[in-house]
>>> print(open('coords_34.txt').read())   # compact mmCIF, C-alpha atoms
# COMPACT_ATOMS: atom_id res chain seq x y z
CA MET Y 1 0.00 0.00 0.00
CA GLU Y 2 1.42 3.40 -1.08
CA THR Y 3 0.54 5.16 2.19
CA ARG Y 4 2.42 2.61 4.27
CA ARG Y 5 5.46 2.75 1.99
CA ILE Y 6 5.59 6.55 2.15
CA LYS Y 7 5.20 6.61 5.93
CA LYS Y 8 7.99 4.06 6.26
CA ALA Y 9 10.27 6.01 3.93
CA LEU Y 10 9.73 9.19 5.93
CA ASP Y 11 10.15 7.41 9.27
CA ASN Y 12 13.41 5.77 8.17
CA LEU Y 13 14.93 9.21 7.62
CA ASP Y 14 13.10 10.77 10.54
CA LEU Y 15 11.28 13.08 8.15
CA LYS Y 16 7.86 14.67 8.07
CA ALA Y 17 6.05 16.44 5.25
CA LYS Y 18 6.84 20.15 5.43
CA LYS Y 19 3.78 22.36 5.63
CA SER Y 20 5.91 25.33 4.59
CA LEU Y 21 6.64 23.59 1.28
CA GLY Y 22 3.06 22.44 0.78
CA GLN Y 23 4.10 18.79 0.71
CA HIS Y 24 1.25 16.36 0.10
CA PHE Y 25 2.45 13.10 -1.46
CA LEU Y 26 0.20 11.43 -4.03
CA ILE Y 27 -0.76 7.90 -2.87
CA ASP Y 28 -3.73 7.14 -5.13
CA ARG Y 29 -2.65 4.81 -7.94
CA HIS Y 30 -5.80 5.60 -9.92
CA ALA Y 31 -5.07 9.34 -9.88
CA LEU Y 32 -1.42 8.64 -10.65
CA SER Y 33 -2.37 6.67 -13.75
CA LYS Y 34 -4.58 9.54 -14.93
CA VAL Y 35 -1.67 11.98 -14.64
CA VAL Y 36 0.63 9.67 -16.60
CA LYS Y 37 -1.98 8.97 -19.27
CA ALA Y 38 -2.68 12.68 -19.75
CA ALA Y 39 1.04 13.31 -20.34
CA GLU Y 40 0.93 11.15 -23.49
CA LEU Y 41 4.50 9.97 -22.91
CA ALA Y 42 6.71 8.49 -25.62
CA PRO Y 43 10.07 6.67 -25.28
CA ASP Y 44 12.03 9.68 -26.56
CA ASP Y 45 10.29 12.32 -24.42
CA LEU Y 46 12.18 14.66 -22.10
CA VAL Y 47 10.10 15.31 -18.97
CA VAL Y 48 10.64 17.93 -16.29
CA GLU Y 49 9.07 17.02 -12.96
CA VAL Y 50 8.72 19.76 -10.36
CA GLY Y 51 8.69 18.61 -6.74
CA PRO Y 52 9.18 14.84 -7.13
CA GLY Y 53 9.01 14.36 -3.35
CA LEU Y 54 9.44 10.64 -2.69
CA GLY Y 55 9.56 9.68 -6.37
CA VAL Y 56 6.20 7.92 -6.72
CA LEU Y 57 5.32 9.82 -9.90
CA THR Y 58 8.97 9.96 -11.00
CA ARG Y 59 9.15 6.16 -11.28
CA GLU Y 60 6.11 6.09 -13.56
CA LEU Y 61 7.52 8.85 -15.74
CA ALA Y 62 10.97 7.22 -15.95
CA ALA Y 63 9.43 3.91 -17.02
CA ARG Y 64 7.78 5.57 -20.02
CA ALA Y 65 9.90 8.57 -21.04
CA GLY Y 66 13.41 8.85 -22.45
CA GLN Y 67 14.71 11.20 -19.76
CA VAL Y 68 13.31 12.73 -16.58
CA ILE Y 69 14.76 15.82 -14.91
CA ALA Y 70 13.36 15.99 -11.37
CA VAL Y 71 13.80 19.30 -9.54
CA GLU Y 72 13.33 19.04 -5.76
CA ILE Y 73 13.52 22.06 -3.45
CA ASP Y 74 13.63 20.01 -0.23
CA GLY Y 75 17.23 18.93 0.25
CA ARG Y 76 16.12 16.27 2.74
CA MET Y 77 14.38 14.39 -0.07
CA VAL Y 78 17.27 14.27 -2.52
CA SER Y 79 19.14 11.32 -0.97
CA LEU Y 80 15.86 9.49 -0.54
CA LEU Y 81 15.04 10.09 -4.20
CA GLU Y 82 18.46 8.91 -5.33
CA ASP Y 83 17.98 5.71 -3.36
CA ALA Y 84 14.43 5.13 -4.57
CA LEU Y 85 15.36 5.71 -8.21
CA HIS Y 86 18.78 4.05 -8.32
CA ASP Y 87 17.56 1.44 -10.82
CA PHE Y 88 16.71 4.13 -13.41
CA ASN Y 89 19.60 5.54 -15.43
CA ASN Y 90 17.40 8.05 -17.24
CA VAL Y 91 16.59 10.20 -14.20
CA LYS Y 92 18.54 13.32 -13.25
CA ILE Y 93 17.77 14.79 -9.83
CA ILE Y 94 18.43 18.49 -9.30
CA SER Y 95 18.34 19.97 -5.81
CA GLY Y 96 16.94 23.49 -5.90
CA ASP Y 97 14.05 25.86 -6.50
CA ILE Y 98 12.61 25.41 -10.00
CA LEU Y 99 12.16 29.18 -10.30
CA GLU Y 100 15.88 29.70 -9.73
CA THR Y 101 17.30 26.60 -11.43
CA ASN Y 102 19.32 26.90 -14.62
CA LEU Y 103 17.69 24.45 -17.01
CA SER Y 104 20.17 24.57 -19.85
CA PHE Y 105 18.07 22.38 -22.12
CA LEU Y 106 15.52 25.22 -22.35
CA GLU Y 107 18.07 27.03 -24.51
CA THR Y 108 18.73 24.12 -26.86
CA GLY Y 109 15.23 24.01 -28.32
CA ARG Y 110 14.73 20.35 -27.45
CA PRO Y 111 11.02 19.55 -27.00
CA TYR Y 112 10.00 18.73 -23.44
CA LYS Y 113 6.98 18.17 -21.23
CA VAL Y 114 6.27 19.25 -17.67
CA VAL Y 115 4.54 16.86 -15.28
CA ALA Y 116 4.14 17.75 -11.62
CA ASN Y 117 2.17 17.50 -8.41
CA LEU Y 118 2.58 21.18 -7.61
CA PRO Y 119 2.43 22.58 -4.08
CA TYR Y 120 -0.51 24.97 -3.97
CA TYR Y 121 1.52 27.98 -2.87
CA ILE Y 122 3.80 27.91 -5.92
CA ALA Y 123 1.49 26.54 -8.62
CA SER Y 124 0.70 29.84 -10.38
CA ALA Y 125 4.35 30.93 -10.35
CA VAL Y 126 5.52 27.62 -11.86
CA LEU Y 127 2.88 27.73 -14.59
CA ARG Y 128 3.91 31.27 -15.45
CA PHE Y 129 7.61 30.31 -15.39
CA PHE Y 130 7.14 27.70 -18.11
CA LEU Y 131 4.39 29.37 -20.15
CA GLU Y 132 6.38 32.61 -20.40
CA ALA Y 133 9.65 30.85 -21.17
CA GLU Y 134 11.13 31.59 -24.57
CA HIS Y 135 11.18 27.83 -25.13
CA GLN Y 136 7.83 26.58 -23.86
CA PRO Y 137 7.00 22.95 -23.08
CA GLU Y 138 4.89 21.15 -25.66
CA LEU Y 139 2.55 19.96 -22.91
CA MET Y 140 2.03 20.42 -19.17
CA VAL Y 141 0.14 18.12 -16.80
CA THR Y 142 -0.03 19.37 -13.24
CA MET Y 143 -1.90 18.67 -10.05
CA VAL Y 144 -3.23 21.93 -8.62
CA GLN Y 145 -5.90 23.07 -6.20
CA LYS Y 146 -9.39 22.44 -7.58
CA GLU Y 147 -10.45 26.10 -7.45
CA VAL Y 148 -7.26 27.19 -9.22
CA ALA Y 149 -7.85 24.69 -12.02
CA GLN Y 150 -11.44 25.88 -12.39
CA GLU Y 151 -10.36 29.51 -12.62
CA ILE Y 152 -7.68 28.67 -15.18
CA ALA Y 153 -10.14 26.75 -17.36
CA ALA Y 154 -13.04 29.22 -16.89
CA ARG Y 155 -15.02 30.46 -19.85
CA PRO Y 156 -16.32 34.01 -20.43
CA GLY Y 157 -18.73 34.90 -17.66
CA LYS Y 158 -16.51 33.45 -14.96
CA MET Y 159 -13.05 34.39 -16.15
CA GLY Y 160 -10.51 36.08 -13.89
CA LEU Y 161 -7.02 37.47 -14.29
CA LEU Y 162 -5.53 33.97 -13.92
CA SER Y 163 -7.85 32.64 -16.64
CA VAL Y 164 -6.58 35.20 -19.14
CA ALA Y 165 -2.96 34.89 -17.98
CA VAL Y 166 -2.92 31.17 -18.76
CA GLN Y 167 -5.29 30.95 -21.72
CA VAL Y 168 -3.35 33.51 -23.73
CA TYR Y 169 -0.50 30.97 -23.77
CA ALA Y 170 -2.19 27.57 -23.68
CA ARG Y 171 -5.41 25.60 -24.01
CA PRO Y 172 -6.50 24.29 -20.58
CA GLU Y 173 -8.38 21.09 -19.81
CA ILE Y 174 -9.38 19.65 -16.45
CA ILE Y 175 -8.76 15.91 -16.68
CA SER Y 176 -10.14 14.88 -13.31
CA TYR Y 177 -10.78 16.00 -9.76
CA VAL Y 178 -8.82 14.36 -6.95
CA PRO Y 179 -10.05 14.18 -3.31
CA PRO Y 180 -7.85 14.97 -0.28
CA SER Y 181 -7.74 11.26 0.61
CA SER Y 182 -5.54 10.67 -2.45
CA PHE Y 183 -2.62 12.36 -0.67
CA TYR Y 184 -0.51 11.85 2.43
CA PRO Y 185 -0.89 13.88 4.49
CA PRO Y 186 -4.32 14.84 3.09
CA PRO Y 187 -4.71 18.54 2.24
CA LYS Y 188 -7.76 20.49 3.42
CA VAL Y 189 -9.00 21.04 -0.14
CA SER Y 190 -9.61 18.99 -3.27
CA SER Y 191 -7.22 18.99 -6.22
CA ALA Y 192 -7.50 18.69 -9.97
CA ILE Y 193 -5.38 17.26 -12.74
CA LEU Y 194 -4.88 20.12 -15.19
CA LYS Y 195 -3.59 19.67 -18.73
CA LEU Y 196 -2.19 22.63 -20.67
CA VAL Y 197 -1.26 22.56 -24.35
CA PRO Y 198 0.73 25.71 -25.26
CA TYR Y 199 -0.03 27.40 -28.57
CA SER Y 200 2.67 27.33 -31.22
CA ASP Y 201 1.93 30.95 -32.20
CA LEU Y 202 1.46 33.56 -29.48
CA PRO Y 203 -0.56 36.76 -30.05
CA PHE Y 204 2.30 38.97 -28.88
CA GLY Y 205 6.05 38.92 -28.29
CA SER Y 206 7.82 39.12 -24.95
CA ALA Y 207 8.25 42.88 -25.39
CA ASP Y 208 4.47 43.36 -25.52
CA ARG Y 209 3.64 41.05 -22.61
CA GLU Y 210 3.67 43.71 -19.92
CA SER Y 211 1.52 46.18 -21.86
CA PHE Y 212 -1.10 43.49 -22.53
CA PHE Y 213 -1.30 42.48 -18.89
CA ASN Y 214 -1.41 46.12 -17.79
CA VAL Y 215 -4.71 46.39 -19.66
CA VAL Y 216 -6.02 43.10 -18.29
CA ARG Y 217 -5.05 43.94 -14.71
CA ALA Y 218 -6.74 47.31 -15.06
CA GLY Y 219 -9.90 45.64 -16.29
CA PHE Y 220 -10.04 43.33 -13.29
CA GLN Y 221 -9.05 46.04 -10.81
CA GLY Y 222 -12.59 46.77 -9.67
CA LYS Y 223 -14.31 43.48 -8.84
CA ARG Y 224 -17.61 43.32 -10.71
CA LYS Y 225 -17.32 46.95 -11.80
CA GLN Y 226 -18.38 47.97 -15.28
CA ILE Y 227 -15.38 47.71 -17.60
CA VAL Y 228 -15.49 51.42 -18.42
CA ASN Y 229 -14.96 52.33 -14.76
CA SER Y 230 -12.32 49.68 -14.09
CA LEU Y 231 -10.25 50.67 -17.11
CA SER Y 232 -10.55 54.38 -16.40
CA GLN Y 233 -9.30 53.86 -12.86
CA GLY Y 234 -6.73 51.18 -13.63
CA LEU Y 235 -5.19 52.88 -16.67
CA GLY Y 236 -5.45 56.41 -15.26
CA GLN Y 237 -7.48 57.57 -18.25
CA ASP Y 238 -10.41 59.97 -18.59
CA LYS Y 239 -13.71 58.18 -18.98
CA VAL Y 240 -14.15 59.81 -22.40
CA ASN Y 241 -10.93 58.17 -23.61
CA ILE Y 242 -12.05 54.79 -22.30
CA LEU Y 243 -15.47 55.09 -23.93
CA ASN Y 244 -13.69 55.81 -27.20
CA LEU Y 245 -11.41 52.82 -26.62
CA LEU Y 246 -14.31 50.47 -25.94
CA SER Y 247 -16.12 51.72 -29.03
CA ARG Y 248 -13.05 50.96 -31.15
CA ALA Y 249 -12.87 47.47 -29.67
CA GLY Y 250 -16.57 46.86 -30.21
CA LEU Y 251 -17.29 46.46 -26.50
CA GLU Y 252 -20.24 47.79 -24.54
CA PRO Y 253 -19.09 49.98 -21.61
CA HIS Y 254 -21.42 48.25 -19.14
CA ARG Y 255 -19.69 44.88 -19.64
CA ARG Y 256 -17.77 43.41 -16.72
CA ALA Y 257 -14.23 42.05 -17.00
CA GLU Y 258 -15.20 38.45 -16.23
CA THR Y 259 -17.49 38.36 -19.30
CA LEU Y 260 -14.80 39.21 -21.85
CA SER Y 261 -13.34 36.46 -23.99
CA LEU Y 262 -9.63 36.13 -24.64
CA GLU Y 263 -10.18 37.42 -28.18
CA GLU Y 264 -11.92 40.51 -26.79
CA TRP Y 265 -9.05 41.20 -24.38
CA LEU Y 266 -6.58 41.00 -27.25
CA LYS Y 267 -8.71 43.33 -29.38
CA LEU Y 268 -9.03 45.77 -26.47
CA TRP Y 269 -5.27 45.77 -25.90
CA SER Y 270 -4.57 46.25 -29.61
CA CYS Y 271 -6.92 49.24 -29.74
CA TYR Y 272 -5.35 50.71 -26.61
CA GLU Y 273 -1.89 50.49 -28.15
CA GLU Y 274 -3.23 52.22 -31.26
CA MET Y 275 -4.80 54.93 -29.13
CA LEU Y 276 -1.54 55.55 -27.28
CA GLY Y 277 0.32 55.66 -30.60
CA GLU Y 278 -2.04 58.38 -31.79
CA GLY Y 279 -1.31 60.42 -28.66
CA ALA Y 280 -4.86 60.04 -27.37
CA GLY Y 281 -3.89 58.60 -24.01
CA SER Y 282 -3.73 61.67 -21.83
CA GLY Y 283 -5.33 61.30 -18.40
>>> encode(input="coords_34.txt", output="structure tokens")
Amino acid sequence: METRRIKKALDNLDLKAKKSLGQHFLIDRHALSKVVKAAELAPDDLVVEVGPGLGVLTRELAARAGQVIAVEIDGRMVSLLEDALHDFNNVKIISGDILETNLSFLETGRPYKVVANLPYYIASAVLRFFLEAEHQPELMVTMVQKEVAQEIAARPGKMGLLSVAVQVYARPEIISYVPPSSFYPPPKVSSAILKLVPYSDLPFGSADRESFFNVVRAGFQGKRKQIVNSLSQGLGQDKVNILNLLSRAGLEPHRRAETLSLEEWLKLWSCYEEMLGEGAGSG
């Protein structure tokens, strides 16, 4: 039984799951198989695993992929991982924070996938790290908090800043929901298996990223406010300018940010850039 094995492994090294690192080890074989299946692994795949913990998922990945790079922030787990995975010669374990780790293969252009049971506190940052990378993964399968997955995959009417921030880079799909009992120790909330397939062509370059998100953040600044008021406040623009902007973008001023589609956000941003270029952006 996976729970017993994990408890024994922790006890042998006098270890406990660190709350500060959001450690909840996956023990449900059914959920594990769903994660692996969603990753669509092939024998020549390069897989990056964030937070391998005790290596339960790592073993499944290594058995199916060509190479697995497992990045573990908890130094206590590294020796345990090396011992647990000693029979796999296609696993490289890196001790460190994924957000500060030099992954040289990202610069080579080699295709890769990301598969991870992400701690809740770092999930959004890790997703952003890979989605905004110059060399994106071809696919991501992550375990995240249920509510986070739902916000990421939301459709117009329920979209938030996180929805737009992810969907502008990738197509999201919730594979399955996972109850707290599938982890040891069990978290207080349910989780979800989230699959992201990045787009090959992005609507803007890295130089335009900040200006796009400035508009989106402004739109969501006033929760449930009409978009005309949120944008006026968030962008520091006269209401007349914003009404003109919305007219250009074909948007009604009474709309609320959560109702806009990704295409409408992109159109709004494009029109705003045009307006600024014409010198019509005075406050």
>>> atom_distance(input="coords_34.txt", atom1="CA of Val68 in chain Y", atom2="CA of Val166 in chain Y")
24.7 Å
>>> closest_residue(input="coords_34.txt", among="Y:Gly96, Y:Gly75, Y:Pro119, Y:Pro198", to="Leu26 in chain Y", atoms="all atoms listed in the file")
Y:Pro119
>>> closest_atom_pairs(input="coords_34.txt", of="range 191-248 of chain Y", to="range 123-143 of chain Y", cutoff="9 Å", atoms="all atoms listed in the file", output="CSV")
residue,atom,partner,partner_atom,distance
Y:Ser191,CA,Y:Met143,CA,6.6
Y:Ala192,CA,Y:Met143,CA,5.6
Y:Ile193,CA,Y:Met143,CA,4.6
Y:Leu194,CA,Y:Thr142,CA,5.3
Y:Lys195,CA,Y:Val141,CA,4.5
Y:Leu196,CA,Y:Met140,CA,5.0
Y:Val197,CA,Y:Leu139,CA,4.8
Y:Pro198,CA,Y:Glu138,CA,6.2
Y:Tyr199,CA,Y:Glu138,CA,8.5
Y:Ser200,CA,Y:Glu138,CA,8.6
Y:Ser206,CA,Y:Glu132,CA,8.1
>>> residues_near_point(input="coords_34.txt", point="(-11.4, 15.2, -5.6)", cutoff="8 Å", atoms="all atoms listed in the file", output="list in words")
Lys146, Ser176, Tyr177, Val178, Pro179, Pro180, Ser190, Ser191 and Ala192 of chain Y
>>> residues_near_point(input="coords_34.txt", point="(-18.1, 42.5, -11.0)", cutoff="12 Å", atoms="all atoms listed in the file", output="PyMOL selection string")
chain Y and resi 157-160+219-230+254-260
>>> atom_distance(input="coords_34.txt", atom1="CA of Val168 in chain Y", atom2="CA of Lys113 in chain Y")
18.7 Å
>>> atom_distance(input="coords_34.txt", atom1="CA of Val35 in chain Y", atom2="CA of Val189 in chain Y")
18.6 Å
>>> residues_around(input="coords_34.txt", residues="Arg217 in chain Y", least_positions_apart="3", cutoff="9 Å", atoms="all atoms listed in the file", output="number ranges by chain")
Y: 161, 212-214, 220-221, 231, 234
>>> closest_residue(input="coords_34.txt", among="Y:Ile98, Y:Glu278, Y:Gly236, Y:Ser181", to="Phe25 in chain Y", atoms="only C-alpha atoms")
Y:Ser181
>>> residues_around(input="coords_34.txt", residues="Cys271 in chain Y", least_positions_apart="5", cutoff="7 Å", atoms="all atoms listed in the file", output="PDB file with C-alpha atoms, keeping the file's coordinate frame")
ATOM      1  CA  LEU Y 245     -11.410  52.820 -26.620  1.00  0.00           C
ATOM      2  CA  ARG Y 248     -13.050  50.960 -31.150  1.00  0.00           C
ATOM      3  CA  ALA Y 249     -12.870  47.470 -29.670  1.00  0.00           C
TER       4      ALA Y 249
END
